[in-house]
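Q: Handing you this structure, nothing more for now.
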Amino acid sequence: MTAEDPSSVAALSLVPPSATLYVGDLDPSVTEADLLNAFASIGPIASVRLCRDRASGDSLRYAYLNFLFPLHAKKAIRFLNHVPLNGKPIRIMWSRRDPLSRKSGIGNLFVKESVSGRELEALFSWYGMVESCKVAMDEKGRSKGFGFVQMDSEMAALAAIKALNGVTLTGSNKRLTEDFEFSFLPTEFGLE
């Protein structure tokens with residue numbers, strides 16, 4: 001990552017923490033201008049920072065986007081999460097300054113099944129707040145047949161496991177107990 005630009009630090013101090021989003025799984029060609037264009041219709045943006053490698057300047061494929069109002073950040077998650085940007089679905093979640101929930105592994109699930117990120121999120125949202133979900137993709141943009149879901153609590157994760165084991169997905173002949181595995185994982189396995 002590059003060093004903080006003093007003007008972006010000043011802008012961040014004006015934005016309530018709950019209006020800051022993490023935008024991940026970006027195509028390497030995505031620029032700050034692309035992000036501004038994609039999110040501008042949602043509401044006023046205070047700042048955007050595409051994170052880059054210090055040595056090469058290459059995109060690290062994630063960014064932080066600050067709306068002026070939390071309502072607009074929530075709207076962005078609702079309408080733009082899993083929507084393609086430069087041909088690749090993006091993943092949007094609230095930016096968390098406190099990494100405890102991410103690093104503890106509580107609520108983090110490994111899911112073995114071939115579905116889209118949007119379908120995965122819809123499936124798990126019945127059982128609690130989905131903080132993030134990600135389907136592993138190959139270089140051609142096809143699902144590798146597994147993904148990750150981060151629920152907001154262990155209770156929500158356990159409720160999803162209890163409800164979804166043994167269920168057959170719509171349009172599939174696969175039972176979730178055979179091809180859908182759940183296990184708690186630490187964050188380094190892919191959520192942020």
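Naming scheme: A, B, ... for chains in displayed order of the structure tokens; residues 1 onward per chain; ligands 1 onward as shown.
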Just asking: which residues within range 19-146 of chain A are helix (DSSP H, G or I) according to DSSP, as a ChimeraX atom specification?
A: /A:19,32-39,70-80,100-104,117-125
Q: Find the residues near Val83 in chain A: any atom within 12 Å, counting only C-alpha atoms, skip ones fewer than 4 places away on the same chain, and give them as a ChimeraX atom specification.
A: /A:23-26,38-39,76-79,87-92,116-118
Q: Excluding Leu71 in chain A and any residue of its chain fewer than 2 positions from it, enumerate the residues within 12 Å of it, using only C-alpha atoms, and give them as a PyMOL selection string.
A: chain A and resi 16+18-21+42-45+66-69+73-78
Q: Enumerate, as a PyMOL selection string, the complete set of residues in range 43-158 of chain A that a backbone-based DSSP assignment places in strand (DSSP E).
A: chain A and resi 45-52+59-67+84-85+88-89+91-94+108-112+130-137+143-151
Q: Skipping near chain neighbours, those fewer than 5 positions away, what residues fall within 12 Å of Ala63 in chain A using only C-alpha atoms, listed as a PyMOL selection string?
A: chain A and resi 1+20-28+30-36+47-52+90-95+192
Q: Given the choices A:Leu123, A:Met137, A:Met129, A:Val111, which gets closest to Val149 in chain A if the distance is worked out from only C-alpha atoms?
A: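 Counting only C-alpha atoms, the residue closest to Val149 in chain A is A:Val111.
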Q: Please compute the CA of Tyr127 in chain A-CA of Phe110 in chain A distance, one decimal, in Å.
A: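 Going from CA of Tyr127 in chain A over to CA of Phe110 in chain A, I get 15.8 Å.
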Q: Mind checking which residues fall within 7 Å of Asp152 in chain A, counting only C-alpha atoms, ignoring those fewer than 5 positions away in the same chain, and posting them as an NGL selection string?
A: :A and (107 or 129-131)
Q: Figure out the distance between CA of Leu65 in chain A and CA of Asp53 in chain A, please, to one decimal in Å.
A: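 Between CA of Asp53 in chain A and CA of Leu65 in chain A the gap works out to 18.0 Å.
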Q: Do you have the CA of Glu121 in chain A-CA of Glu154 in chain A distance handy?
A: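 Spanning CA of Glu121 in chain A to CA of Glu154 in chain A is a straight-line distance of 16.4 Å.
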Q: Here is a test: counting only C-alpha atoms, which residue of A:Ala40, A:Ala159, A:Ala55, A:Leu164 is nearest to Leu120 in chain A?
A: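 Result for the nearest residue to Leu120 in chain A: A:Leu164.
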Q: Could you check the closest approach to Lys134 in chain A for each of A:Asn165, A:Ser153, A:Asn37, A:Asn81 and tell me which residue wins, using only C-alpha atoms?
A: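 Between A:Asn165, A:Ser153, A:Asn37, A:Asn81, the residue approaching Lys134 in chain A most closely is A:Asn81.
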Q: For His82 in chain A, which residue among A:Ser56, A:Tyr62, A:Cys133, A:Ser41 is the nearest when counting only C-alpha atoms?
A: A:Cys133
Q: Which one is closest to Asp58 in chain A: A:Ser125, A:Ser29, A:Asn86, A:Gln150? Count only C-alpha atoms.
A: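 Closest candidate: A:Ser29.
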Q: Between A:Ser59, A:Val167, A:Ala160, A:Leu109, which has the minimum distance to Ala122 in chain A (counting only C-alpha atoms)?
A: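 Ranked by minimum distance to Ala122 in chain A, first place goes to A:Ala160.
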